[in-house]
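data_13.pdb follows (PDB, C-alpha atoms and all ligand atoms):
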ATOM      1  CA  MET A 131      -9.154  14.328  -2.701
ATOM      2  CA  GLN A 132      -8.539  12.806   0.748
ATOM      3  CA  CYS A 133      -5.913  10.153   0.068
ATOM      4  CA  PRO A 134      -4.780   8.827  -3.338
ATOM      5  CA  LEU A 135      -3.685   5.491  -1.868
ATOM      6  CA  LEU A 136      -7.075   4.993  -0.242
ATOM      7  CA  TYR A 137      -8.687   5.657  -3.643
ATOM      8  CA  ARG A 138      -6.487   2.957  -5.144
ATOM      9  CA  PHE A 139      -7.386   0.426  -2.417
ATOM     10  CA  ARG A 140     -11.092   1.083  -2.867
ATOM     11  CA  VAL A 141     -11.469   1.603  -6.603
ATOM     12  CA  ILE A 142      -8.625  -0.376  -8.208
ATOM     13  CA  ASP A 143      -7.777  -3.127  -5.697
ATOM     14  CA  LYS A 144     -11.385  -3.245  -4.496
ATOM     15  CA  LEU A 145     -10.256  -4.294  -1.017
ATOM     16  CA  PRO A 146     -13.223  -5.156   1.210
ATOM     17  CA  GLU A 147     -14.170  -2.799   4.032
ATOM     18  CA  GLU A 148     -15.994  -3.595   7.250
ATOM     19  CA  PRO A 149     -19.310  -1.813   7.800
ATOM     20  CA  SER A 150     -19.054   0.862  10.477
ATOM     21  CA  VAL A 151     -21.542   1.741  13.175
ATOM     22  CA  ALA A 152     -21.468   5.438  12.214
ATOM     23  CA  ALA A 153     -21.924   4.910   8.472
ATOM     24  CA  THR A 154     -24.730   2.403   9.054
ATOM     25  CA  ARG A 155     -26.494   4.847  11.373
ATOM     26  CA  GLY A 156     -26.228   7.436   8.602
ATOM     27  CA  THR A 157     -27.813   5.037   6.104
ATOM     28  CA  LEU A 158     -30.622   4.276   8.571
ATOM     29  CA  VAL A 159     -31.387   7.937   9.304
ATOM     30  CA  HIS A 160     -31.358   8.804   5.599
ATOM     31  CA  ALA A 161     -33.830   5.981   4.925
ATOM     32  CA  VAL A 162     -36.221   7.277   7.609
ATOM     33  CA  LEU A 163     -36.050  10.866   6.335
ATOM     34  CA  GLU A 164     -36.706   9.664   2.814
ATOM     35  CA  ARG A 165     -39.637   7.401   3.640
ATOM     36  CA  LEU A 166     -41.325   9.868   5.948
ATOM     37  CA  PHE A 167     -42.377  11.818   2.853
ATOM     38  CA  ASP A 168     -44.463   8.802   1.744
ATOM     39  CA  SER A 169     -46.933   9.856   4.466
ATOM     40  CA  PRO A 170     -49.415  12.702   3.992
ATOM     41  CA  ALA A 171     -47.937  16.059   5.083
ATOM     42  CA  ALA A 172     -50.070  16.350   8.234
ATOM     43  CA  GLU A 173     -48.797  12.979   9.503
ATOM     44  CA  ARG A 174     -45.080  13.760   9.248
ATOM     45  CA  SER A 175     -44.494  14.189  12.959
ATOM     46  CA  ALA A 176     -41.393  13.545  15.071
ATOM     47  CA  PRO A 177     -42.984  10.643  17.012
ATOM     48  CA  ARG A 178     -43.990   8.986  13.761
ATOM     49  CA  ALA A 179     -40.499   9.407  12.307
ATOM     50  CA  LYS A 180     -38.863   8.053  15.484
ATOM     51  CA  GLY A 181     -41.245   5.127  15.376
ATOM     52  CA  MET A 182     -40.008   4.272  11.877
ATOM     53  CA  VAL A 183     -36.377   3.819  12.973
ATOM     54  CA  ALA A 184     -36.652   0.228  14.258
ATOM     55  CA  ALA A 185     -38.660  -0.915  11.210
ATOM     56  CA  GLU A 186     -36.131   0.658   8.826
ATOM     57  CA  TRP A 187     -33.323  -1.078  10.709
ATOM     58  CA  ARG A 188     -35.027  -4.453  10.235
ATOM     59  CA  ARG A 189     -35.451  -3.697   6.542
ATOM     60  CA  LEU A 190     -31.762  -2.716   6.220
ATOM     61  CA  LEU A 191     -30.660  -5.833   8.088
ATOM     62  CA  ALA A 192     -32.740  -8.031   5.772
ATOM     63  CA  GLN A 193     -30.977  -6.455   2.773
ATOM     64  CA  ARG A 194     -27.504  -6.631   4.319
ATOM     65  CA  PRO A 195     -27.322  -9.455   6.903
ATOM     66  CA  GLU A 196     -23.603  -8.782   7.431
ATOM     67  CA  LEU A 197     -24.579  -5.674   9.435
ATOM     68  CA  ALA A 198     -25.543  -7.984  12.309
ATOM     69  CA  LYS A 199     -21.804  -8.213  13.056
ATOM     70  CA  LEU A 200     -21.899  -4.633  14.286
ATOM     71  CA  PHE A 201     -24.055  -5.683  17.215
ATOM     72  CA  SER A 202     -22.857  -9.176  17.955
ATOM     73  CA  PRO A 203     -21.551  -9.874  21.478
ATOM     74  CA  GLU A 204     -17.736  -9.798  21.564
ATOM     75  CA  GLU A 205     -17.124 -13.536  21.766
ATOM     76  CA  ARG A 206     -19.485 -14.169  18.861
ATOM     77  CA  ALA A 207     -17.792 -11.396  16.908
ATOM     78  CA  ASP A 208     -14.407 -13.088  17.490
ATOM     79  CA  GLU A 209     -15.829 -16.381  16.285
ATOM     80  CA  ALA A 210     -17.155 -14.713  13.184
ATOM     81  CA  THR A 211     -13.823 -13.028  12.520
ATOM     82  CA  GLU A 212     -11.782 -16.213  12.883
ATOM     83  CA  GLY A 213     -14.162 -18.517  11.097
ATOM     84  CA  GLY A 214     -15.394 -16.080   8.444
ATOM     85  CA  ASP A 215     -19.124 -15.841   9.069
ATOM     86  CA  ALA A 216     -21.564 -17.335  11.508
ATOM     87  CA  PRO A 217     -21.951 -21.103  11.283
ATOM     88  CA  ALA A 218     -24.209 -22.100   8.391
ATOM     89  CA  GLY A 219     -27.891 -21.814   9.190
ATOM     90  CA  GLU A 220     -27.213 -19.916  12.424
ATOM     91  CA  GLU A 221     -27.837 -16.220  12.717
ATOM     92  CA  LEU A 222     -25.532 -14.073  14.804
ATOM     93  CA  ALA A 223     -27.011 -13.221  18.192
ATOM     94  CA  LEU A 224     -27.342  -9.469  18.695
ATOM     95  CA  ASP A 225     -26.141  -7.518  21.674
ATOM     96  CA  GLU A 226     -29.566  -6.054  22.424
ATOM     97  CA  GLU A 227     -28.285  -3.373  24.767
ATOM     98  CA  LYS A 228     -25.761  -2.088  22.251
ATOM     99  CA  LEU A 229     -28.353  -2.214  19.483
ATOM    100  CA  SER A 230     -30.985  -0.374  21.467
ATOM    101  CA  ARG A 231     -28.466   2.354  22.417
ATOM    102  CA  TRP A 232     -27.553   2.754  18.758
ATOM    103  CA  LEU A 233     -31.199   2.872  17.660
ATOM    104  CA  GLY A 234     -31.781   5.518  20.345
ATOM    105  CA  GLU A 235     -28.972   7.632  18.858
ATOM    106  CA  ALA A 236     -30.565   7.317  15.419
ATOM    107  CA  GLU A 237     -33.929   8.378  16.874
ATOM    108  CA  SER A 238     -32.316  11.456  18.453
ATOM    109  CA  LEU A 239     -30.843  12.478  15.084
ATOM    110  CA  VAL A 240     -34.233  12.028  13.414
ATOM    111  CA  GLU A 241     -35.901  14.072  16.154
ATOM    112  CA  ARG A 242     -33.372  16.879  15.790
ATOM    113  CA  TRP A 243     -34.242  17.209  12.125
ATOM    114  CA  PHE A 244     -37.662  18.543  13.162
ATOM    115  CA  THR A 245     -35.949  21.504  14.863
ATOM    116  CA  LEU A 246     -34.219  22.361  11.556
ATOM    117  CA  GLU A 247     -36.884  21.739   8.916
ATOM    118  CA  ASP A 248     -40.662  21.301   8.911
ATOM    119  CA  PRO A 249     -41.589  18.323   6.721
ATOM    120  CA  THR A 250     -45.299  19.210   6.929
ATOM    121  CA  ARG A 251     -44.470  22.243   4.753
ATOM    122  CA  LEU A 252     -42.206  20.446   2.287
ATOM    123  CA  GLU A 253     -43.082  18.413  -0.805
ATOM    124  CA  PRO A 254     -39.757  17.253  -2.252
ATOM    125  CA  ALA A 255     -39.589  17.007  -6.025
ATOM    126  CA  GLU A 256     -37.074  14.191  -5.675
ATOM    127  CA  ARG A 257     -35.656  11.981  -2.930
ATOM    128  CA  GLU A 258     -32.503   9.874  -3.232
ATOM    129  CA  LEU A 259     -32.182  11.054  -6.812
ATOM    130  CA  PHE A 260     -29.614   9.192  -8.914
ATOM    131  CA  VAL A 261     -28.024  11.690 -11.295
ATOM    132  CA  GLN A 262     -25.606  11.139 -14.154
ATOM    133  CA  ALA A 263     -24.182  13.887 -16.345
ATOM    134  CA  THR A 264     -21.407  14.059 -18.910
ATOM    135  CA  LEU A 265     -19.169  17.117 -19.067
ATOM    136  CA  ASP A 266     -18.025  18.593 -22.390
ATOM    137  CA  SER A 267     -14.666  16.881 -21.845
ATOM    138  CA  GLY A 268     -16.417  13.491 -21.837
ATOM    139  CA  LEU A 269     -15.918  12.991 -18.095
ATOM    140  CA  ARG A 270     -19.002  11.290 -16.691
ATOM    141  CA  LEU A 271     -20.218  12.238 -13.219
ATOM    142  CA  ARG A 272     -22.623  10.258 -11.083
ATOM    143  CA  GLY A 273     -24.135  10.883  -7.694
ATOM    144  CA  VAL A 274     -27.151  10.417  -5.462
ATOM    145  CA  ILE A 275     -28.802  13.571  -4.119
ATOM    146  CA  ASP A 276     -30.692  13.221  -0.842
ATOM    147  CA  ARG A 277     -33.455  15.690  -1.718
ATOM    148  CA  VAL A 278     -34.367  18.178  -4.424
ATOM    149  CA  ASP A 279     -36.997  20.854  -3.701
ATOM    150  CA  ILE A 280     -38.504  22.938  -6.483
ATOM    151  CA  ALA A 281     -40.260  26.192  -5.573
ATOM    152  CA  PRO A 282     -43.405  27.336  -7.469
ATOM    153  CA  SER A 283     -41.080  29.845  -9.189
ATOM    154  CA  GLY A 284     -39.067  26.908 -10.551
ATOM    155  CA  GLU A 285     -36.042  27.614  -8.366
ATOM    156  CA  VAL A 286     -34.198  24.463  -7.330
ATOM    157  CA  ARG A 287     -32.779  23.696  -3.892
ATOM    158  CA  ILE A 288     -30.440  20.742  -3.357
ATOM    159  CA  VAL A 289     -30.505  19.325   0.177
ATOM    160  CA  ASP A 290     -28.019  16.930   1.746
ATOM    161  CA  TYR A 291     -28.370  15.410   5.223
ATOM    162  CA  LYS A 292     -25.276  14.842   7.330
ATOM    163  CA  THR A 293     -25.540  12.805  10.508
ATOM    164  CA  GLY A 294     -22.290  14.276  11.821
ATOM    165  CA  LYS A 295     -21.564  17.739  13.160
ATOM    166  CA  ALA A 296     -21.035  20.824  11.029
ATOM    167  CA  PRO A 297     -17.312  21.124  10.239
ATOM    168  CA  LYS A 298     -15.158  24.002  11.432
ATOM    169  CA  PRO A 299     -14.999  26.772   8.837
ATOM    170  CA  GLU A 300     -11.554  25.618   7.641
ATOM    171  CA  PHE A 301     -13.038  22.228   6.651
ATOM    172  CA  ALA A 302     -16.372  23.515   5.323
ATOM    173  CA  SER A 303     -15.171  23.744   1.730
ATOM    174  CA  GLU A 304     -15.008  19.929   1.381
ATOM    175  CA  ALA A 305     -18.713  19.480   2.122
ATOM    176  CA  LEU A 306     -19.558  22.428  -0.080
ATOM    177  CA  PHE A 307     -17.556  20.932  -2.940
ATOM    178  CA  GLN A 308     -19.794  17.847  -2.824
ATOM    179  CA  MET A 309     -22.823  20.140  -3.141
ATOM    180  CA  LYS A 310     -21.268  22.032  -6.058
ATOM    181  CA  PHE A 311     -20.639  18.658  -7.700
ATOM    182  CA  TYR A 312     -24.383  17.895  -7.482
ATOM    183  CA  ALA A 313     -25.261  21.401  -8.653
ATOM    184  CA  LEU A 314     -22.933  21.097 -11.634
ATOM    185  CA  MET A 315     -24.635  17.851 -12.675
ATOM    186  CA  LEU A 316     -28.130  19.368 -12.394
ATOM    187  CA  TRP A 317     -26.972  22.474 -14.266
ATOM    188  CA  ARG A 318     -25.659  20.334 -17.112
ATOM    189  CA  LEU A 319     -28.844  18.247 -17.177
ATOM    190  CA  LYS A 320     -31.487  20.960 -16.735
ATOM    191  CA  GLY A 321     -29.720  24.003 -18.135
ATOM    192  CA  SER A 322     -30.061  26.284 -15.110
ATOM    193  CA  VAL A 323     -27.946  26.760 -12.000
ATOM    194  CA  PRO A 324     -29.699  25.509  -8.822
ATOM    195  CA  ARG A 325     -30.672  28.446  -6.630
ATOM    196  CA  ARG A 326     -29.552  27.046  -3.284
ATOM    197  CA  LEU A 327     -27.377  24.308  -1.808
ATOM    198  CA  GLN A 328     -28.328  23.278   1.715
ATOM    199  CA  LEU A 329     -26.461  21.043   4.136
ATOM    200  CA  VAL A 330     -28.456  19.852   7.146
ATOM    201  CA  TYR A 331     -26.170  18.715   9.978
ATOM    202  CA  LEU A 332     -28.222  16.544  12.307
ATOM    203  CA  GLY A 333     -25.286  15.900  14.659
ATOM    204  CA  SER A 334     -24.932  19.528  15.692
ATOM    205  CA  GLY A 335     -28.280  20.965  14.608
ATOM    206  CA  ASP A 336     -26.877  23.327  11.971
ATOM    207  CA  VAL A 337     -28.112  24.250   8.529
ATOM    208  CA  VAL A 338     -25.542  25.628   6.092
ATOM    209  CA  SER A 339     -26.864  27.244   2.911
ATOM    210  CA  TYR A 340     -25.004  28.523  -0.104
ATOM    211  CA  ASP A 341     -26.326  30.179  -3.245
ATOM    212  CA  PRO A 342     -23.952  29.241  -6.065
ATOM    213  CA  GLU A 343     -23.017  31.393  -9.032
ATOM    214  CA  GLU A 344     -22.124  30.012 -12.444
ATOM    215  CA  SER A 345     -18.488  30.882 -11.726
ATOM    216  CA  ASP A 346     -18.543  28.634  -8.598
ATOM    217  CA  LEU A 347     -19.715  25.669 -10.636
ATOM    218  CA  LEU A 348     -17.222  26.335 -13.409
ATOM    219  CA  GLY A 349     -14.521  26.375 -10.718
ATOM    220  CA  ALA A 350     -15.811  23.025  -9.411
ATOM    221  CA  GLU A 351     -15.707  21.648 -12.959
ATOM    222  CA  ARG A 352     -12.074  22.751 -13.384
ATOM    223  CA  LYS A 353     -11.215  21.128 -10.081
ATOM    224  CA  LEU A 354     -12.898  17.863 -11.134
ATOM    225  CA  LEU A 355     -11.035  17.816 -14.435
ATOM    226  CA  ALA A 356      -7.725  18.373 -12.649
ATOM    227  CA  LEU A 357      -8.601  15.612 -10.195
ATOM    228  CA  TRP A 358      -9.486  13.205 -12.998
ATOM    229  CA  ASP A 359      -6.245  14.077 -14.757
ATOM    230  CA  ALA A 360      -4.305  13.236 -11.582
ATOM    231  CA  ILE A 361      -6.254   9.965 -11.198
ATOM    232  CA  SER A 362      -5.572   9.008 -14.823
ATOM    233  CA  ARG A 363      -1.840   9.653 -14.459
ATOM    234  CA  ALA A 364      -1.644   7.692 -11.210
ATOM    235  CA  THR A 365      -3.605   4.820 -12.790
ATOM    236  CA  GLU A 366      -1.048   4.584 -15.576
ATOM    237  CA  SER A 367       2.044   4.985 -13.425
ATOM    238  CA  GLY A 368       0.821   3.010 -10.400
ATOM    239  CA  ASP A 369       2.135   5.855  -8.244
ATOM    240  CA  TRP A 370      -0.555   6.262  -5.574
ATOM    241  CA  ARG A 371       0.790   8.162  -2.584
ATOM    242  CA  PRO A 372      -0.596   7.894   0.939
ATOM    243  CA  ARG A 373      -1.774  11.203   2.341
ATOM    244  CA  PRO A 374      -2.107  10.713   6.093
ATOM    245  CA  SER A 375      -4.666  12.797   7.945
ATOM    246  CA  ARG A 376      -7.076  12.523  10.863
ATOM    247  CA  LEU A 377      -9.173  10.265   8.582
ATOM    248  CA  CYS A 378      -6.560   7.500   8.902
ATOM    249  CA  GLY A 379      -8.222   6.623  12.209
ATOM    250  CA  TRP A 380     -11.274   5.415  10.232
ATOM    251  CA  CYS A 381      -9.322   3.778   7.399
ATOM    252  CA  ASP A 382      -9.734   0.006   7.051
ATOM    253  CA  HIS A 383      -6.478  -0.374   5.161
ATOM    254  CA  GLN A 384      -3.749   0.578   7.630
ATOM    255  CA  ALA A 385      -2.337  -2.978   7.350
ATOM    256  CA  HIS A 386      -1.634  -2.258   3.658
ATOM    257  CA  CYS A 387      -0.508   1.335   4.098
ATOM    258  CA  PRO A 388       3.224   2.224   4.185
ATOM    259  CA  GLU A 389       2.410   5.060   6.589
ATOM    260  CA  TYR A 390       1.502   2.348   9.114
ATOM    261  CA  GLY A 391       4.266  -0.098   8.246
ATOM    262  CA  GLY A 392       2.130  -2.046   5.759
ATOM    263  CA  THR A 393       2.718  -3.074   2.157
ATOM    264  CA  PRO A 394       0.141  -2.530  -0.605
ATOM    265  CA  PRO A 395      -0.907  -5.641  -2.542
ATOM    266  CA  PRO A 396       0.716  -6.102  -5.995
ATOM    267  CA  TYR A 397      -0.631  -3.475  -8.377
ATOM    268  CA  PRO A 398      -3.294  -5.248 -10.465
ATOM    269  CA  LEU A 399      -2.982  -3.030 -13.553
ATOM    270  CA  THR A 400      -0.247  -2.825 -16.153
ATOM    271  CA  VAL A 401       2.069   0.075 -15.457
ATOM    272  CA  GLN A 402       2.699   2.261 -18.494
ATOM    273  CA  PRO A 403       6.415   3.031 -18.870
ATOM    274  CA  ARG A 404       7.032   6.741 -18.617
ATOM    275  CA  LEU A 405       8.813   8.202 -21.639
ATOM    276  CA  PRO A 406      11.691  10.588 -20.880
ATOM    277  CA  GLU A 407      10.804  14.270 -21.130
ATOM    278  CA  PRO A 408      11.767  15.677 -24.543
ATOM    279  CA  ARG A 409      14.731  18.009 -24.218
ATOM    280  CA  THR A 410      15.030  21.364 -25.848
ATOM    281  CA  GLU A 411      18.267  22.336 -27.604
ATOM    282  CA  ALA A 412      19.083  24.851 -24.862
ATOM    283  CA  ALA A 413      18.421  22.357 -22.075
ATOM    284  CA  THR A 414      20.667  19.798 -23.796
ATOM    285  CA  THR A 415      23.492  22.301 -24.065
ATOM    286  CA  GLN A 416      23.240  23.729 -20.548
ATOM    287  CA  ASN A 417      22.092  20.808 -18.391
ATOM    288  CA  SER A 418      23.467  17.608 -19.853
ATOM    289  CA  PRO A 419      26.304  16.337 -17.669
ATOM    290  CA  ALA A 420      27.684  14.587 -20.768
ATOM    291  CA  SER A 421      28.046  17.839 -22.661
ATOM    292  CA  PRO A 422      31.270  19.817 -22.294
ATOM    293  CA  PRO A 423      30.844  23.483 -21.299
ATOM    294  CA  ALA A 424      30.399  25.665 -24.331
ATOM    295  CA  GLU A 425      33.389  27.680 -25.484
ATOM    296  CA  GLY A 426      33.836  30.823 -23.417
ATOM    297  CA  SER A 427      31.146  29.969 -20.883
TER     298      SER A 427
HETATM  299  S1  LIG A 501      -4.159   4.817   6.496
HETATM  300 FE1  LIG A 501      -4.334   7.004   5.945
HETATM  301  S2  LIG A 501      -2.644   7.371   4.505
HETATM  302 FE2  LIG A 501      -2.963   5.133   4.623
HETATM  303  S3  LIG A 501      -4.345   4.624   2.947
HETATM  304 FE3  LIG A 501      -5.610   4.938   4.758
HETATM  305  S4  LIG A 501      -6.196   7.126   4.676
HETATM  306 FE4  LIG A 501      -4.461   6.855   3.274
END

What do you get writing this file as structure tokens?
Amino acid sequence: MQCPLLYRFRVIDKLPEEPSVAATRGTLVHAVLERLFDSPAAERSAPRAKGMVAAEWRRLLAQRPELAKLFSPEERADEATEGGDAPAGEELALDEEKLSRWLGEAESLVERWFTLEDPTRLEPAERELFVQATLDSGLRLRGVIDRVDIAPSGEVRIVDYKTGKAPKPEFASEALFQMKFYALMLWRLKGSVPRRLQLVYLGSGDVVSYDPEESDLLGAERKLLALWDAISRATESGDWRPRPSRLCGWCDHQAHCPEYGGTPPPYPLTVQPRLPEPRTEAATTQNSPASPPAEGS
């Protein structure tokens, strides 16, 4: 939906992307908010959650050692860039000041969550729920939902944490579409439309809620089918257009993007030749440059 060419680079070419400080902070904050619910309700306090940030970072770093690059001093980062990775057997030194500032930002986001929701009064039915559903058309959808709450009445609430700020109203529909995507999957799997979709913006301290109707989710399904149709056609033709936007500033692939003077790598799939459009009799008579004008026209 954002940029077809970026989709190609990520999904078809599978070009590598560097980890970003912002995305990694999001992963860290999500991990803390998920694990906090392992503790008994009465112990889910802000100081406890903030205290979990450093430990979760160490756990994340152990799983993905390449994240150390984000906090390596400049000269070491240059070395790593030129030579690939750190010399064998040597771990990258961390810029402790930069790291501690970043951890402090993550702690602030975690702390803000307590002004928006009260985890001592919540018992999520699911956290980081992997969901897969197949639409009637055969299109398979997959996603991971941050949190699912189920009320005693059986009503379902889908919750998604965002570490950024709430978007301006003109951009709000994108985030809401993601929530409708989740709701559509749960509807297909469980047979009932989730009661509420809730976006929790930790960056700005906003909570955006939306109660979907069946018609909303059917609209989201139509949009997904149209999107998949466009993806299928572009996959066959190899015609992936760049769609520049403010997101280009965060794109790792400017060097391959014609919008920035780059050239995409050779297309790795076989391009299907496009058959000429069949012509109707009338179109042949009126539009073909090879045909003489009809008598009396
Ligand atoms: S730089 Fe912008 S237009 Fe080019 S691929 Fe990335 S997001 Fe798309």

Exactly which residues make up the result of the PyMOL selection byres (((chain A and resi 390) around 12) and not hetatm) on this file, given as a PDB file with C-alpha atoms, in the coordinates of the input?
ATOM      1  CA  PRO A 372      -0.596   7.894   0.939  1.00  0.00           C
ATOM      2  CA  ARG A 373      -1.774  11.203   2.341  1.00  0.00           C
ATOM      3  CA  PRO A 374      -2.107  10.713   6.093  1.00  0.00           C
ATOM      4  CA  CYS A 378      -6.560   7.500   8.902  1.00  0.00           C
ATOM      5  CA  GLY A 379      -8.222   6.623  12.209  1.00  0.00           C
ATOM      6  CA  CYS A 381      -9.322   3.778   7.399  1.00  0.00           C
ATOM      7  CA  ASP A 382      -9.734   0.006   7.051  1.00  0.00           C
ATOM      8  CA  HIS A 383      -6.478  -0.374   5.161  1.00  0.00           C
ATOM      9  CA  GLN A 384      -3.749   0.578   7.630  1.00  0.00           C
ATOM     10  CA  ALA A 385      -2.337  -2.978   7.350  1.00  0.00           C
ATOM     11  CA  HIS A 386      -1.634  -2.258   3.658  1.00  0.00           C
ATOM     12  CA  CYS A 387      -0.508   1.335   4.098  1.00  0.00           C
ATOM     13  CA  PRO A 388       3.224   2.224   4.185  1.00  0.00           C
ATOM     14  CA  GLU A 389       2.410   5.060   6.589  1.00  0.00           C
ATOM     15  CA  GLY A 391       4.266  -0.098   8.246  1.00  0.00           C
ATOM     16  CA  GLY A 392       2.130  -2.046   5.759  1.00  0.00           C
ATOM     17  CA  THR A 393       2.718  -3.074   2.157  1.00  0.00           C
ATOM     18  CA  PRO A 394       0.141  -2.530  -0.605  1.00  0.00           C
TER      19      PRO A 394
END

Within 12 Å of A:Leu348 using all atoms listed in the file, minus same-chain residues under 2 positions, as an MDAnalysis selection string:
chainID A and resid 265:266 307 310:311 313:315 317:318 323 342:346 350:355

Output for the residues just chosen: C-alpha atoms as a PDB file, in the coordinates of the input:
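Everything below was put into selection_2.pdb:
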ATOM      1  CA  LEU A 265     -19.169  17.117 -19.067  1.00  0.00           C
ATOM      2  CA  ASP A 266     -18.025  18.593 -22.390  1.00  0.00           C
ATOM      3  CA  PHE A 307     -17.556  20.932  -2.940  1.00  0.00           C
ATOM      4  CA  LYS A 310     -21.268  22.032  -6.058  1.00  0.00           C
ATOM      5  CA  PHE A 311     -20.639  18.658  -7.700  1.00  0.00           C
ATOM      6  CA  ALA A 313     -25.261  21.401  -8.653  1.00  0.00           C
ATOM      7  CA  LEU A 314     -22.933  21.097 -11.634  1.00  0.00           C
ATOM      8  CA  MET A 315     -24.635  17.851 -12.675  1.00  0.00           C
ATOM      9  CA  TRP A 317     -26.972  22.474 -14.266  1.00  0.00           C
ATOM     10  CA  ARG A 318     -25.659  20.334 -17.112  1.00  0.00           C
ATOM     11  CA  VAL A 323     -27.946  26.760 -12.000  1.00  0.00           C
ATOM     12  CA  PRO A 342     -23.952  29.241  -6.065  1.00  0.00           C
ATOM     13  CA  GLU A 343     -23.017  31.393  -9.032  1.00  0.00           C
ATOM     14  CA  GLU A 344     -22.124  30.012 -12.444  1.00  0.00           C
ATOM     15  CA  SER A 345     -18.488  30.882 -11.726  1.00  0.00           C
ATOM     16  CA  ASP A 346     -18.543  28.634  -8.598  1.00  0.00           C
ATOM     17  CA  ALA A 350     -15.811  23.025  -9.411  1.00  0.00           C
ATOM     18  CA  GLU A 351     -15.707  21.648 -12.959  1.00  0.00           C
ATOM     19  CA  ARG A 352     -12.074  22.751 -13.384  1.00  0.00           C
ATOM     20  CA  LYS A 353     -11.215  21.128 -10.081  1.00  0.00           C
ATOM     21  CA  LEU A 354     -12.898  17.863 -11.134  1.00  0.00           C
ATOM     22  CA  LEU A 355     -11.035  17.816 -14.435  1.00  0.00           C
TER      23      LEU A 355
END

Axis-aligned box for all listed atoms of ligand LIG 501 (chain A), 3 Å per side, centre and edges in Å to one decimal, as AutoDock Vina command-line options:
--center_x -4.4 --center_y 6.0 --center_z 4.7 --size_x 9.6 --size_y 8.7 --size_z 9.5

Test item: the PyMOL selection byres (((chain A and resi 224) around 9) and not hetatm) resolved as a PDB file with C-alpha atoms, in the coordinates of the input:
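Contents of out10.pdb, freshly written:
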ATOM      1  CA  ALA A 198     -25.543  -7.984  12.309  1.00  0.00           C
ATOM      2  CA  LYS A 199     -21.804  -8.213  13.056  1.00  0.00           C
ATOM      3  CA  LEU A 200     -21.899  -4.633  14.286  1.00  0.00           C
ATOM      4  CA  PHE A 201     -24.055  -5.683  17.215  1.00  0.00           C
ATOM      5  CA  SER A 202     -22.857  -9.176  17.955  1.00  0.00           C
ATOM      6  CA  PRO A 203     -21.551  -9.874  21.478  1.00  0.00           C
ATOM      7  CA  LEU A 222     -25.532 -14.073  14.804  1.00  0.00           C
ATOM      8  CA  ALA A 223     -27.011 -13.221  18.192  1.00  0.00           C
ATOM      9  CA  ASP A 225     -26.141  -7.518  21.674  1.00  0.00           C
ATOM     10  CA  GLU A 226     -29.566  -6.054  22.424  1.00  0.00           C
ATOM     11  CA  GLU A 227     -28.285  -3.373  24.767  1.00  0.00           C
ATOM     12  CA  LYS A 228     -25.761  -2.088  22.251  1.00  0.00           C
ATOM     13  CA  LEU A 229     -28.353  -2.214  19.483  1.00  0.00           C
TER      14      LEU A 229
END

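For the pair atom CA of A:Thr400 and atom CA of A:Arg138, the interatomic distance is 13.9 Å.
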
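Distance-wise, atom FE1 of ligand LIG 501 (chain A) and atom CA of A:Arg371 end up 10.0 Å apart.
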
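Closest approach to A:Val240 among A:Arg326, A:Lys144, A:Lys292, A:Arg189 is made by A:Lys292 (distances from all atoms listed in the file).
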
Using the chain letters and numbers from the file, which residues does the PyMOL selection byres (((chain A and resi 365) around 12) and not hetatm) grab, as a PDB file with C-alpha atoms, in the frame of the given file?
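Saved file selection_15.pdb follows:
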ATOM      1  CA  PRO A 134      -4.780   8.827  -3.338  1.00  0.00           C
ATOM      2  CA  LEU A 135      -3.685   5.491  -1.868  1.00  0.00           C
ATOM      3  CA  TYR A 137      -8.687   5.657  -3.643  1.00  0.00           C
ATOM      4  CA  ARG A 138      -6.487   2.957  -5.144  1.00  0.00           C
ATOM      5  CA  PHE A 139      -7.386   0.426  -2.417  1.00  0.00           C
ATOM      6  CA  VAL A 141     -11.469   1.603  -6.603  1.00  0.00           C
ATOM      7  CA  ILE A 142      -8.625  -0.376  -8.208  1.00  0.00           C
ATOM      8  CA  ASP A 143      -7.777  -3.127  -5.697  1.00  0.00           C
ATOM      9  CA  TRP A 358      -9.486  13.205 -12.998  1.00  0.00           C
ATOM     10  CA  ASP A 359      -6.245  14.077 -14.757  1.00  0.00           C
ATOM     11  CA  ALA A 360      -4.305  13.236 -11.582  1.00  0.00           C
ATOM     12  CA  ILE A 361      -6.254   9.965 -11.198  1.00  0.00           C
ATOM     13  CA  SER A 362      -5.572   9.008 -14.823  1.00  0.00           C
ATOM     14  CA  ARG A 363      -1.840   9.653 -14.459  1.00  0.00           C
ATOM     15  CA  ALA A 364      -1.644   7.692 -11.210  1.00  0.00           C
ATOM     16  CA  GLU A 366      -1.048   4.584 -15.576  1.00  0.00           C
ATOM     17  CA  SER A 367       2.044   4.985 -13.425  1.00  0.00           C
ATOM     18  CA  GLY A 368       0.821   3.010 -10.400  1.00  0.00           C
ATOM     19  CA  ASP A 369       2.135   5.855  -8.244  1.00  0.00           C
ATOM     20  CA  TRP A 370      -0.555   6.262  -5.574  1.00  0.00           C
ATOM     21  CA  ARG A 371       0.790   8.162  -2.584  1.00  0.00           C
ATOM     22  CA  TYR A 397      -0.631  -3.475  -8.377  1.00  0.00           C
ATOM     23  CA  PRO A 398      -3.294  -5.248 -10.465  1.00  0.00           C
ATOM     24  CA  LEU A 399      -2.982  -3.030 -13.553  1.00  0.00           C
ATOM     25  CA  THR A 400      -0.247  -2.825 -16.153  1.00  0.00           C
ATOM     26  CA  VAL A 401       2.069   0.075 -15.457  1.00  0.00           C
ATOM     27  CA  GLN A 402       2.699   2.261 -18.494  1.00  0.00           C
ATOM     28  CA  PRO A 403       6.415   3.031 -18.870  1.00  0.00           C
TER      29      PRO A 403
END

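Across the structure, atom CA of A:Pro249 and atom CA of A:Arg174 are spaced 6.3 Å apart.
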